[in-house]
Each structure stands twice: as C-alpha cells, then as structure tokens.
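Structure file entry.txt; described as compact mmCIF, N, CA and C atoms.
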```
# COMPACT_ATOMS: atom_id res chain seq x y z
N MET A 1 63.63 136.86 182.85
CA MET A 1 62.64 136.22 182.00
C MET A 1 62.69 136.76 180.57
N THR A 2 62.84 138.08 180.41
CA THR A 2 62.90 138.67 179.07
C THR A 2 64.07 138.12 178.28
N ARG A 3 65.21 137.93 178.96
CA ARG A 3 66.37 137.34 178.28
C ARG A 3 66.03 135.99 177.67
N ASP A 4 65.35 135.14 178.43
CA ASP A 4 64.98 133.82 177.95
C ASP A 4 64.04 133.91 176.76
N LEU A 5 63.11 134.87 176.78
CA LEU A 5 62.18 135.04 175.66
C LEU A 5 62.91 135.47 174.40
N HIS A 6 63.86 136.40 174.53
CA HIS A 6 64.63 136.83 173.37
C HIS A 6 65.49 135.69 172.83
N GLY A 7 66.11 134.94 173.73
CA GLY A 7 66.91 133.80 173.30
C GLY A 7 66.07 132.77 172.57
N ALA A 8 64.87 132.50 173.08
CA ALA A 8 63.97 131.54 172.43
C ALA A 8 63.53 132.06 171.07
N ALA A 9 63.21 133.34 170.97
CA ALA A 9 62.80 133.92 169.68
C ALA A 9 63.96 133.88 168.68
N ASN A 10 65.17 134.16 169.15
CA ASN A 10 66.33 134.12 168.26
C ASN A 10 66.60 132.70 167.78
N ARG A 11 66.41 131.74 168.66
CA ARG A 11 66.59 130.33 168.29
C ARG A 11 65.59 129.95 167.19
N VAL A 12 64.34 130.32 167.35
CA VAL A 12 63.30 130.02 166.35
C VAL A 12 63.65 130.69 165.02
N LEU A 13 64.12 131.94 165.08
CA LEU A 13 64.51 132.66 163.86
C LEU A 13 65.59 131.90 163.10
N VAL A 14 66.64 131.48 163.80
CA VAL A 14 67.75 130.78 163.15
C VAL A 14 67.32 129.39 162.69
N GLU A 15 66.52 128.70 163.46
CA GLU A 15 66.01 127.39 163.01
C GLU A 15 65.23 127.54 161.71
N ARG A 16 64.42 128.59 161.59
CA ARG A 16 63.66 128.85 160.35
C ARG A 16 64.61 129.13 159.19
N PHE A 17 65.62 129.97 159.43
CA PHE A 17 66.62 130.29 158.41
C PHE A 17 67.33 129.03 157.92
N LEU A 18 67.80 128.21 158.86
CA LEU A 18 68.54 127.01 158.50
C LEU A 18 67.66 126.01 157.76
N ALA A 19 66.42 125.86 158.19
CA ALA A 19 65.51 124.92 157.52
C ALA A 19 65.30 125.32 156.06
N GLY A 20 65.19 126.60 155.79
CA GLY A 20 64.97 127.06 154.43
C GLY A 20 66.22 127.03 153.57
N THR A 21 67.34 127.46 154.13
CA THR A 21 68.57 127.56 153.32
C THR A 21 69.30 126.24 153.17
N HIS A 22 68.97 125.27 154.00
CA HIS A 22 69.66 123.98 153.93
C HIS A 22 68.73 122.83 153.57
N ALA A 23 67.57 123.14 153.05
CA ALA A 23 66.65 122.10 152.59
C ALA A 23 67.28 121.37 151.41
N ARG A 24 66.88 120.13 151.24
CA ARG A 24 67.45 119.33 150.15
C ARG A 24 67.22 119.94 148.78
N ASP A 25 66.06 120.57 148.56
CA ASP A 25 65.75 121.08 147.23
C ASP A 25 65.99 122.59 147.08
N LEU A 26 66.40 123.28 148.14
CA LEU A 26 66.72 124.70 148.10
C LEU A 26 65.57 125.54 147.54
N SER A 27 64.35 125.16 147.85
CA SER A 27 63.19 125.86 147.29
C SER A 27 62.73 127.04 148.12
N ASP A 28 63.31 127.25 149.31
CA ASP A 28 62.79 128.29 150.19
C ASP A 28 63.81 129.39 150.47
N LEU A 29 64.47 129.89 149.44
CA LEU A 29 65.42 130.97 149.68
C LEU A 29 64.73 132.28 150.05
N ALA A 30 63.42 132.37 149.85
CA ALA A 30 62.67 133.55 150.31
C ALA A 30 62.79 133.69 151.82
N VAL A 31 63.14 132.61 152.52
CA VAL A 31 63.34 132.68 153.96
C VAL A 31 64.42 133.71 154.31
N ILE A 32 65.35 133.96 153.41
CA ILE A 32 66.39 134.95 153.66
C ILE A 32 65.77 136.34 153.77
N ASP A 33 64.78 136.64 152.94
CA ASP A 33 64.10 137.94 153.02
C ASP A 33 63.39 138.11 154.36
N GLU A 34 62.93 137.01 154.94
CA GLU A 34 62.18 137.05 156.19
C GLU A 34 63.08 137.06 157.43
N THR A 35 64.30 136.57 157.32
CA THR A 35 65.12 136.33 158.52
C THR A 35 66.45 137.09 158.56
N VAL A 36 66.87 137.67 157.45
CA VAL A 36 68.19 138.31 157.37
C VAL A 36 68.02 139.81 157.15
N ALA A 37 68.84 140.60 157.84
CA ALA A 37 68.83 142.06 157.65
C ALA A 37 69.24 142.39 156.22
N GLU A 38 68.73 143.49 155.70
CA GLU A 38 69.03 143.88 154.33
C GLU A 38 70.54 144.02 154.09
N ARG A 39 71.25 144.62 155.01
CA ARG A 39 72.71 144.79 154.87
C ARG A 39 73.42 143.91 155.89
N VAL A 40 73.40 142.63 155.68
CA VAL A 40 74.04 141.67 156.59
C VAL A 40 75.56 141.74 156.44
N VAL A 41 76.26 141.50 157.52
CA VAL A 41 77.73 141.45 157.50
C VAL A 41 78.14 140.01 157.74
N CYS A 42 78.91 139.44 156.82
CA CYS A 42 79.31 138.03 156.93
C CYS A 42 80.83 137.92 156.94
N HIS A 43 81.31 136.89 157.61
CA HIS A 43 82.74 136.62 157.73
C HIS A 43 83.00 135.13 157.49
N GLY A 44 84.07 134.82 156.77
CA GLY A 44 84.55 133.45 156.65
C GLY A 44 83.88 132.59 155.59
N PHE A 45 83.14 133.17 154.67
CA PHE A 45 82.46 132.38 153.65
C PHE A 45 83.42 132.05 152.51
N PRO A 46 83.49 130.77 152.11
CA PRO A 46 84.36 130.42 150.98
C PRO A 46 83.86 131.10 149.71
N GLY A 47 84.76 131.69 148.96
CA GLY A 47 84.39 132.35 147.71
C GLY A 47 83.96 133.79 147.88
N GLY A 48 83.92 134.31 149.09
CA GLY A 48 83.54 135.70 149.32
C GLY A 48 82.36 135.81 150.27
N ASN A 49 82.33 136.90 151.00
CA ASN A 49 81.31 137.09 152.02
C ASN A 49 80.07 137.80 151.47
N PRO A 50 78.90 137.20 151.67
CA PRO A 50 77.67 137.92 151.31
C PRO A 50 77.59 139.23 152.09
N HIS A 51 76.96 140.25 151.48
CA HIS A 51 76.85 141.56 152.12
C HIS A 51 75.42 142.09 152.14
N ASP A 52 74.52 141.37 151.49
CA ASP A 52 73.10 141.72 151.51
C ASP A 52 72.29 140.45 151.22
N ARG A 53 70.98 140.59 151.23
CA ARG A 53 70.13 139.40 151.07
C ARG A 53 70.36 138.69 149.74
N GLU A 54 70.47 139.46 148.67
CA GLU A 54 70.64 138.84 147.35
C GLU A 54 71.97 138.10 147.24
N SER A 55 73.04 138.67 147.76
CA SER A 55 74.33 137.96 147.69
C SER A 55 74.33 136.75 148.61
N TYR A 56 73.53 136.80 149.69
CA TYR A 56 73.38 135.62 150.56
C TYR A 56 72.68 134.50 149.78
N LYS A 57 71.63 134.84 149.05
CA LYS A 57 70.93 133.85 148.21
C LYS A 57 71.89 133.29 147.16
N ASP A 58 72.69 134.17 146.55
CA ASP A 58 73.64 133.72 145.52
C ASP A 58 74.67 132.75 146.11
N PHE A 59 75.11 132.99 147.35
CA PHE A 59 76.04 132.06 147.99
C PHE A 59 75.44 130.66 148.04
N PHE A 60 74.20 130.55 148.50
CA PHE A 60 73.58 129.22 148.61
C PHE A 60 73.35 128.60 147.23
N ARG A 61 72.94 129.39 146.25
CA ARG A 61 72.76 128.85 144.89
C ARG A 61 74.09 128.32 144.34
N THR A 62 75.15 129.10 144.50
CA THR A 62 76.47 128.71 144.00
C THR A 62 76.96 127.45 144.70
N PHE A 63 76.84 127.43 146.02
CA PHE A 63 77.28 126.26 146.79
C PHE A 63 76.53 125.01 146.34
N ARG A 64 75.24 125.15 146.10
CA ARG A 64 74.43 123.99 145.73
C ARG A 64 74.67 123.52 144.31
N ARG A 65 75.28 124.34 143.47
CA ARG A 65 75.68 123.86 142.14
C ARG A 65 76.85 122.89 142.27
N SER A 66 77.59 122.98 143.37
CA SER A 66 78.72 122.09 143.61
C SER A 66 78.38 120.92 144.51
N PHE A 67 77.38 121.11 145.38
CA PHE A 67 77.01 120.08 146.36
C PHE A 67 75.50 119.92 146.38
N ASP A 68 75.06 118.71 146.04
CA ASP A 68 73.64 118.42 145.90
C ASP A 68 73.25 117.31 146.87
N GLU A 69 71.96 117.04 146.93
CA GLU A 69 71.44 115.96 147.79
C GLU A 69 71.97 116.12 149.20
N MET A 70 71.87 117.35 149.72
CA MET A 70 72.45 117.68 151.01
C MET A 70 71.60 117.20 152.16
N ASP A 71 72.25 116.56 153.10
CA ASP A 71 71.65 116.23 154.39
C ASP A 71 72.38 117.06 155.43
N TRP A 72 71.61 117.77 156.23
CA TRP A 72 72.13 118.74 157.18
C TRP A 72 71.69 118.34 158.57
N THR A 73 72.62 118.24 159.49
CA THR A 73 72.25 117.96 160.87
C THR A 73 72.90 119.00 161.78
N VAL A 74 72.16 119.39 162.79
CA VAL A 74 72.66 120.33 163.78
C VAL A 74 72.98 119.54 165.03
N GLY A 75 74.24 119.60 165.45
CA GLY A 75 74.67 118.88 166.65
C GLY A 75 74.40 119.66 167.92
N ALA A 76 74.41 121.00 167.81
CA ALA A 76 74.13 121.86 168.97
C ALA A 76 73.65 123.21 168.46
N LEU A 77 72.71 123.78 169.18
CA LEU A 77 72.20 125.12 168.86
C LEU A 77 72.00 125.83 170.19
N VAL A 78 72.72 126.94 170.37
CA VAL A 78 72.69 127.68 171.63
C VAL A 78 72.31 129.12 171.31
N ALA A 79 71.34 129.66 172.05
CA ALA A 79 70.84 131.00 171.78
C ALA A 79 70.78 131.83 173.06
N ASP A 80 71.06 133.13 172.90
CA ASP A 80 70.82 134.08 173.98
C ASP A 80 70.14 135.31 173.38
N GLU A 81 70.12 136.41 174.09
CA GLU A 81 69.37 137.58 173.63
C GLU A 81 70.01 138.29 172.45
N ARG A 82 71.28 137.99 172.11
CA ARG A 82 71.96 138.65 170.99
C ARG A 82 72.53 137.71 169.95
N HIS A 83 72.78 136.45 170.32
CA HIS A 83 73.50 135.54 169.42
C HIS A 83 72.86 134.16 169.39
N VAL A 84 73.09 133.47 168.28
CA VAL A 84 72.76 132.05 168.16
C VAL A 84 73.97 131.37 167.55
N ALA A 85 74.41 130.29 168.17
CA ALA A 85 75.55 129.52 167.67
C ALA A 85 75.07 128.12 167.31
N ALA A 86 75.59 127.60 166.21
CA ALA A 86 75.22 126.25 165.78
C ALA A 86 76.47 125.49 165.37
N ARG A 87 76.53 124.22 165.80
CA ARG A 87 77.54 123.28 165.32
C ARG A 87 76.79 122.32 164.43
N TRP A 88 77.30 122.08 163.22
CA TRP A 88 76.55 121.32 162.23
C TRP A 88 77.45 120.37 161.44
N ARG A 89 76.78 119.50 160.69
CA ARG A 89 77.45 118.58 159.76
C ARG A 89 76.64 118.54 158.47
N ILE A 90 77.34 118.57 157.36
CA ILE A 90 76.72 118.44 156.04
C ILE A 90 77.24 117.17 155.39
N GLU A 91 76.33 116.39 154.84
CA GLU A 91 76.67 115.24 153.98
C GLU A 91 76.02 115.56 152.65
N SER A 92 76.80 115.45 151.58
CA SER A 92 76.31 115.88 150.28
C SER A 92 77.06 115.15 149.17
N THR A 93 76.54 115.27 147.96
CA THR A 93 77.20 114.72 146.78
C THR A 93 77.95 115.84 146.07
N HIS A 94 79.22 115.62 145.79
CA HIS A 94 80.03 116.60 145.07
C HIS A 94 79.66 116.51 143.59
N CYS A 95 78.73 117.38 143.17
CA CYS A 95 78.12 117.27 141.84
C CYS A 95 78.61 118.32 140.85
N GLY A 96 79.40 119.28 141.29
CA GLY A 96 79.88 120.33 140.39
C GLY A 96 81.25 120.80 140.85
N ALA A 97 81.93 121.53 139.98
CA ALA A 97 83.27 122.01 140.30
C ALA A 97 83.25 122.87 141.55
N PHE A 98 84.26 122.67 142.40
CA PHE A 98 84.43 123.47 143.61
C PHE A 98 85.91 123.61 143.88
N ALA A 99 86.37 124.83 144.14
CA ALA A 99 87.78 125.11 144.41
C ALA A 99 88.68 124.57 143.29
N GLY A 100 88.19 124.65 142.07
CA GLY A 100 88.97 124.20 140.92
C GLY A 100 88.99 122.70 140.72
N VAL A 101 88.22 121.97 141.51
CA VAL A 101 88.18 120.51 141.41
C VAL A 101 86.88 120.11 140.72
N PRO A 102 86.95 119.38 139.60
CA PRO A 102 85.72 118.96 138.92
C PRO A 102 84.91 118.02 139.81
N ALA A 103 83.64 117.94 139.50
CA ALA A 103 82.74 117.06 140.26
C ALA A 103 83.28 115.64 140.31
N SER A 104 83.25 115.06 141.49
CA SER A 104 83.72 113.69 141.65
C SER A 104 82.57 112.70 141.74
N GLY A 105 81.38 113.20 142.03
CA GLY A 105 80.23 112.32 142.23
C GLY A 105 80.25 111.62 143.57
N ARG A 106 81.29 111.89 144.37
CA ARG A 106 81.43 111.25 145.69
C ARG A 106 80.47 111.85 146.70
N ARG A 107 80.05 111.00 147.61
CA ARG A 107 79.29 111.44 148.78
C ARG A 107 80.33 111.87 149.81
N ILE A 108 80.26 113.12 150.24
CA ILE A 108 81.26 113.64 151.17
C ILE A 108 80.58 114.21 152.41
N GLY A 109 81.35 114.44 153.43
CA GLY A 109 80.83 115.05 154.64
C GLY A 109 81.85 115.99 155.25
N PHE A 110 81.36 117.06 155.88
CA PHE A 110 82.25 118.00 156.57
C PHE A 110 81.46 118.70 157.67
N ASP A 111 82.20 119.22 158.63
CA ASP A 111 81.61 119.86 159.80
C ASP A 111 81.88 121.35 159.78
N GLY A 112 81.15 122.05 160.64
CA GLY A 112 81.40 123.48 160.79
C GLY A 112 80.64 124.05 161.96
N MET A 113 80.89 125.33 162.17
CA MET A 113 80.20 126.09 163.21
C MET A 113 79.86 127.45 162.64
N VAL A 114 78.80 128.04 163.18
CA VAL A 114 78.40 129.38 162.76
C VAL A 114 77.87 130.13 163.98
N LEU A 115 78.16 131.41 164.00
CA LEU A 115 77.64 132.29 165.04
C LEU A 115 76.89 133.41 164.35
N TYR A 116 75.63 133.60 164.73
CA TYR A 116 74.80 134.67 164.18
C TYR A 116 74.59 135.74 165.25
N ARG A 117 74.70 137.01 164.85
CA ARG A 117 74.31 138.11 165.72
C ARG A 117 72.94 138.59 165.26
N ILE A 118 72.02 138.67 166.20
CA ILE A 118 70.65 139.03 165.89
C ILE A 118 70.42 140.48 166.30
N ASP A 119 69.81 141.26 165.42
CA ASP A 119 69.47 142.64 165.72
C ASP A 119 68.12 142.95 165.09
N GLY A 120 67.20 143.44 165.89
CA GLY A 120 65.87 143.78 165.36
C GLY A 120 65.10 142.60 164.82
N GLY A 121 65.34 141.42 165.38
CA GLY A 121 64.62 140.23 164.95
C GLY A 121 65.11 139.63 163.64
N ARG A 122 66.29 140.04 163.20
CA ARG A 122 66.88 139.51 161.97
C ARG A 122 68.35 139.17 162.17
N ILE A 123 68.86 138.29 161.32
CA ILE A 123 70.29 137.98 161.34
C ILE A 123 71.02 139.18 160.74
N ALA A 124 71.86 139.82 161.56
CA ALA A 124 72.56 141.02 161.13
C ALA A 124 74.03 140.76 160.82
N GLU A 125 74.59 139.73 161.45
CA GLU A 125 76.00 139.41 161.23
C GLU A 125 76.20 137.92 161.41
N CYS A 126 77.17 137.38 160.69
CA CYS A 126 77.38 135.93 160.68
C CYS A 126 78.87 135.63 160.57
N TRP A 127 79.33 134.74 161.45
CA TRP A 127 80.71 134.24 161.40
C TRP A 127 80.64 132.75 161.08
N LEU A 128 81.16 132.34 159.93
CA LEU A 128 81.11 130.95 159.49
C LEU A 128 82.50 130.35 159.57
N HIS A 129 82.56 129.15 160.12
CA HIS A 129 83.83 128.41 160.13
C HIS A 129 83.52 126.98 159.71
N ILE A 130 84.03 126.59 158.54
CA ILE A 130 83.85 125.21 158.09
C ILE A 130 85.20 124.50 158.16
N ASP A 131 85.15 123.21 158.24
CA ASP A 131 86.37 122.40 158.20
C ASP A 131 86.82 122.36 156.74
N GLU A 132 87.52 123.42 156.34
CA GLU A 132 87.94 123.54 154.94
C GLU A 132 88.92 122.44 154.54
N ILE A 133 89.81 122.07 155.44
CA ILE A 133 90.76 121.00 155.14
C ILE A 133 90.01 119.70 154.89
N GLY A 134 89.05 119.39 155.75
CA GLY A 134 88.25 118.18 155.58
C GLY A 134 87.46 118.20 154.29
N LEU A 135 86.85 119.34 153.98
CA LEU A 135 86.07 119.47 152.75
C LEU A 135 86.96 119.31 151.52
N LEU A 136 88.07 120.03 151.49
CA LEU A 136 88.96 119.96 150.33
C LEU A 136 89.60 118.58 150.17
N THR A 137 89.87 117.92 151.27
CA THR A 137 90.39 116.55 151.21
C THR A 137 89.32 115.61 150.67
N ALA A 138 88.08 115.77 151.12
CA ALA A 138 86.99 114.88 150.70
C ALA A 138 86.73 114.97 149.20
N ILE A 139 86.88 116.17 148.61
CA ILE A 139 86.62 116.29 147.17
C ILE A 139 87.86 116.03 146.33
N GLY A 140 89.01 115.79 146.97
CA GLY A 140 90.23 115.47 146.24
C GLY A 140 91.10 116.65 145.91
N ALA A 141 90.82 117.83 146.47
CA ALA A 141 91.66 119.00 146.22
C ALA A 141 92.96 118.94 147.01
N LEU A 142 92.94 118.23 148.14
CA LEU A 142 94.12 118.05 148.98
C LEU A 142 94.34 116.56 149.21
N ALA A 143 95.60 116.19 149.30
CA ALA A 143 95.92 114.80 149.62
C ALA A 143 95.63 114.55 151.09
N PRO A 144 95.15 113.35 151.43
CA PRO A 144 94.93 113.04 152.84
C PRO A 144 96.25 113.12 153.62
N HIS A 145 96.15 113.66 154.81
CA HIS A 145 97.33 113.78 155.68
C HIS A 145 97.17 112.88 156.86
N SER A 146 98.26 112.32 157.29
CA SER A 146 98.20 111.53 158.52
C SER A 146 99.12 112.19 159.54
N ALA A 147 98.62 112.35 160.73
CA ALA A 147 99.42 112.95 161.79
C ALA A 147 100.40 111.90 162.31
N ARG A 148 101.64 112.32 162.40
CA ARG A 148 102.66 111.42 162.94
C ARG A 148 103.45 112.16 163.97
N CYS A 149 103.69 111.49 165.02
CA CYS A 149 104.50 112.07 166.08
C CYS A 149 105.69 111.15 166.29
N GLU A 150 106.87 111.69 166.05
CA GLU A 150 108.07 110.88 166.22
C GLU A 150 108.85 111.41 167.41
N VAL A 151 109.37 110.50 168.18
CA VAL A 151 110.14 110.89 169.37
C VAL A 151 111.59 110.59 169.15
```

Would you mind giving the structure from this file in structure tokens?
Amino acid sequence: MTRDLHGAANRVLVERFLAGTHARDLSDLAVIDETVAERVVCHGFPGGNPHDRESYKDFFRTFRRSFDEMDWTVGALVADERHVAARWRIESTHCGAFAGVPASGRRIGFDGMVLYRIDGGRIAECWLHIDEIGLLTAIGALAPHSARCEV
C-alpha cells in the first residue's frame, strides 16, 4: 500500500511540474522551486543540461523564445515509488532561432519521453529524450528523409 501512495504522490508532483513548465504563457516557473531539488541532475537536454533550479528555469525560458503558443499533451504517465515516466507531444510555433535556423513561423510538432527520479518529494534527476530528427526536420534544419528498402 505504501508503494502505491508514493507512486501517486510522485505522479501528482510531476503533473504539477509539467502543468507549470509547459503552460502556454510560461507564467508559473516558480513551480520549479516547489518541485525540483536544488541540485538537480539532468541528461539529454538540447543546448546543455540544467544543473540547478535557476538553470532549469533558463532552459524553459530559452526554449520558449524559439517555440511559442505551445500545446502540450501527455500520452502516458507512469509512476512508482522512485520514478515517473511520461510520453508526450508538443505542438508549437517556431517563433525564434533554434539550432541555427531562423524562425519559420511554422506550426510544428514533435514527440518525446522523459524519466524523472524522485527523491525527498522533489525531482532529483531527469532523463529527456526528444525526437530531435523530427524537430530539426520540422523547422527546416534537416531535409526530410524517406526510408527506402531496395531488394
């Protein structure tokens, strides 16, 4: 029973974090102070890994200068007593330079997954995996590829 309670609490923690950091207007970055450990360890973030609360906030601010009017959907959220995993999709407008590509004004979409390790009721570690090929193709940084199988 205790395992289920911790998993449920961790799920609520991550849902609160995601709601604040992925809101359309990005007005609730204080949620990071409430949900993330002071010295968080992050892996796989484009442009560099946040290492504390302030650099985590800076990541979201920087990302949102390139992608605005974000719609965020969670396809799956799974929690246990130590981890929460989420599969998600972002639809957004490419409004600023990203990866050396000037703003296109295009509405783009990309998928990803994230795994959070929870310690002491806070997000202590994060592994992010985004569909970088899909994102870079959508903004025009990469040419579209078609898979071909020849026999």

Point (82.0, 118.6, 156.1), cut-off 12 Å, counting only C-alpha atoms, residues as an mmCIF file with N, CA and C atoms, in the coordinates of the input:
```
data_model
loop_
_atom_site.group_PDB
_atom_site.id
_atom_site.type_symbol
_atom_site.label_atom_id
_atom_site.label_comp_id
_atom_site.auth_asym_id
_atom_site.auth_seq_id
_atom_site.Cartn_x
_atom_site.Cartn_y
_atom_site.Cartn_z
ATOM 1 N N PHE A 67 77.380 121.110 145.380
ATOM 2 C CA PHE A 67 77.010 120.080 146.360
ATOM 3 C C PHE A 67 75.500 119.920 146.380
ATOM 4 N N MET A 70 71.870 117.350 149.720
ATOM 5 C CA MET A 70 72.450 117.680 151.010
ATOM 6 C C MET A 70 71.600 117.200 152.160
ATOM 7 N N ASP A 71 72.250 116.560 153.100
ATOM 8 C CA ASP A 71 71.650 116.230 154.390
ATOM 9 C C ASP A 71 72.380 117.060 155.430
ATOM 10 N N TRP A 72 71.610 117.770 156.230
ATOM 11 C CA TRP A 72 72.130 118.740 157.180
ATOM 12 C C TRP A 72 71.690 118.340 158.570
ATOM 13 N N THR A 73 72.620 118.240 159.490
ATOM 14 C CA THR A 73 72.250 117.960 160.870
ATOM 15 C C THR A 73 72.900 119.000 161.780
ATOM 16 N N ARG A 87 76.530 124.220 165.800
ATOM 17 C CA ARG A 87 77.540 123.280 165.320
ATOM 18 C C ARG A 87 76.790 122.320 164.430
ATOM 19 N N TRP A 88 77.300 122.080 163.220
ATOM 20 C CA TRP A 88 76.550 121.320 162.230
ATOM 21 C C TRP A 88 77.450 120.370 161.440
ATOM 22 N N ARG A 89 76.780 119.500 160.690
ATOM 23 C CA ARG A 89 77.450 118.580 159.760
ATOM 24 C C ARG A 89 76.640 118.540 158.470
ATOM 25 N N ILE A 90 77.340 118.570 157.360
ATOM 26 C CA ILE A 90 76.720 118.440 156.040
ATOM 27 C C ILE A 90 77.240 117.170 155.390
ATOM 28 N N GLU A 91 76.330 116.390 154.840
ATOM 29 C CA GLU A 91 76.670 115.240 153.980
ATOM 30 C C GLU A 91 76.020 115.560 152.650
ATOM 31 N N SER A 92 76.800 115.450 151.580
ATOM 32 C CA SER A 92 76.310 115.880 150.280
ATOM 33 C C SER A 92 77.060 115.150 149.170
ATOM 34 N N THR A 93 76.540 115.270 147.960
ATOM 35 C CA THR A 93 77.200 114.720 146.780
ATOM 36 C C THR A 93 77.950 115.840 146.070
ATOM 37 N N HIS A 94 79.220 115.620 145.790
ATOM 38 C CA HIS A 94 80.030 116.600 145.070
ATOM 39 C C HIS A 94 79.660 116.510 143.590
ATOM 40 N N ARG A 107 80.050 111.000 147.610
ATOM 41 C CA ARG A 107 79.290 111.440 148.780
ATOM 42 C C ARG A 107 80.330 111.870 149.810
ATOM 43 N N ILE A 108 80.260 113.120 150.240
ATOM 44 C CA ILE A 108 81.260 113.640 151.170
ATOM 45 C C ILE A 108 80.580 114.210 152.410
ATOM 46 N N GLY A 109 81.350 114.440 153.430
ATOM 47 C CA GLY A 109 80.830 115.050 154.640
ATOM 48 C C GLY A 109 81.850 115.990 155.250
ATOM 49 N N PHE A 110 81.360 117.060 155.880
ATOM 50 C CA PHE A 110 82.250 118.000 156.570
ATOM 51 C C PHE A 110 81.460 118.700 157.670
ATOM 52 N N ASP A 111 82.200 119.220 158.630
ATOM 53 C CA ASP A 111 81.610 119.860 159.800
ATOM 54 C C ASP A 111 81.880 121.350 159.780
ATOM 55 N N GLY A 112 81.150 122.050 160.640
ATOM 56 C CA GLY A 112 81.400 123.480 160.790
ATOM 57 C C GLY A 112 80.640 124.050 161.960
ATOM 58 N N MET A 113 80.890 125.330 162.170
ATOM 59 C CA MET A 113 80.200 126.090 163.210
ATOM 60 C C MET A 113 79.860 127.450 162.640
ATOM 61 N N HIS A 129 82.560 129.150 160.120
ATOM 62 C CA HIS A 129 83.830 128.410 160.130
ATOM 63 C C HIS A 129 83.520 126.980 159.710
ATOM 64 N N ILE A 130 84.030 126.590 158.540
ATOM 65 C CA ILE A 130 83.850 125.210 158.090
ATOM 66 C C ILE A 130 85.200 124.500 158.160
ATOM 67 N N ASP A 131 85.150 123.210 158.240
ATOM 68 C CA ASP A 131 86.370 122.400 158.200
ATOM 69 C C ASP A 131 86.820 122.360 156.740
ATOM 70 N N GLU A 132 87.520 123.420 156.340
ATOM 71 C CA GLU A 132 87.940 123.540 154.940
ATOM 72 C C GLU A 132 88.920 122.440 154.540
ATOM 73 N N ILE A 133 89.810 122.070 155.440
ATOM 74 C CA ILE A 133 90.760 121.000 155.140
ATOM 75 C C ILE A 133 90.010 119.700 154.890
ATOM 76 N N GLY A 134 89.050 119.390 155.750
ATOM 77 C CA GLY A 134 88.250 118.180 155.580
ATOM 78 C C GLY A 134 87.460 118.200 154.290
ATOM 79 N N LEU A 135 86.850 119.340 153.980
ATOM 80 C CA LEU A 135 86.070 119.470 152.750
ATOM 81 C C LEU A 135 86.960 119.310 151.520
ATOM 82 N N LEU A 136 88.070 120.030 151.490
ATOM 83 C CA LEU A 136 88.960 119.960 150.330
ATOM 84 C C LEU A 136 89.600 118.580 150.170
ATOM 85 N N THR A 137 89.870 117.920 151.270
ATOM 86 C CA THR A 137 90.390 116.550 151.210
ATOM 87 C C THR A 137 89.320 115.610 150.670
ATOM 88 N N ALA A 138 88.080 115.770 151.120
ATOM 89 C CA ALA A 138 86.990 114.880 150.700
ATOM 90 C C ALA A 138 86.730 114.970 149.200
ATOM 91 N N ILE A 139 86.880 116.170 148.610
ATOM 92 C CA ILE A 139 86.620 116.290 147.170
ATOM 93 C C ILE A 139 87.860 116.030 146.330
#
```

Find the distance between CA of His6 (chain A) and CA of Phe45 (chain A) and write it in Å to one decimal.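 Separation of CA of His6 (chain A) and CA of Phe45 (chain A): 27.0 Å.
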
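Every protein or nucleic acid residue with an atom no more than 6 Å from Ser66 (chain A), counting only C-alpha atoms and leaving out same-chain residues fewer than 5 positions away, appears here: His94, Cys95, Gly96, Ala97 and Phe98 of chain A.
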
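Looking only at region 47-108 of chain A, the set that DSSP places in strand (DSSP E) from backbone geometry is Phe67, Asp68, Glu69, Met70, Asp71, Trp72, Thr73, Val74, Gly75, Ala76, Leu77, Val78, Ala79, His83, Val84, Ala85, Ala86, Arg87, Trp88, Arg89, Ile90, Glu91, Ser92, Thr93, His94, Arg107 and Ile108 of chain A.
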
Which is closer to Leu13 (chain A) than all the others in A:Gly121, A:Gly105, A:Gly44, A:Gly75, using all atoms listed in the file? A:Gly121

How far is it from CA of Trp127 (chain A) to CA of Ser104 (chain A), in Å with one decimal? 28.7 Å
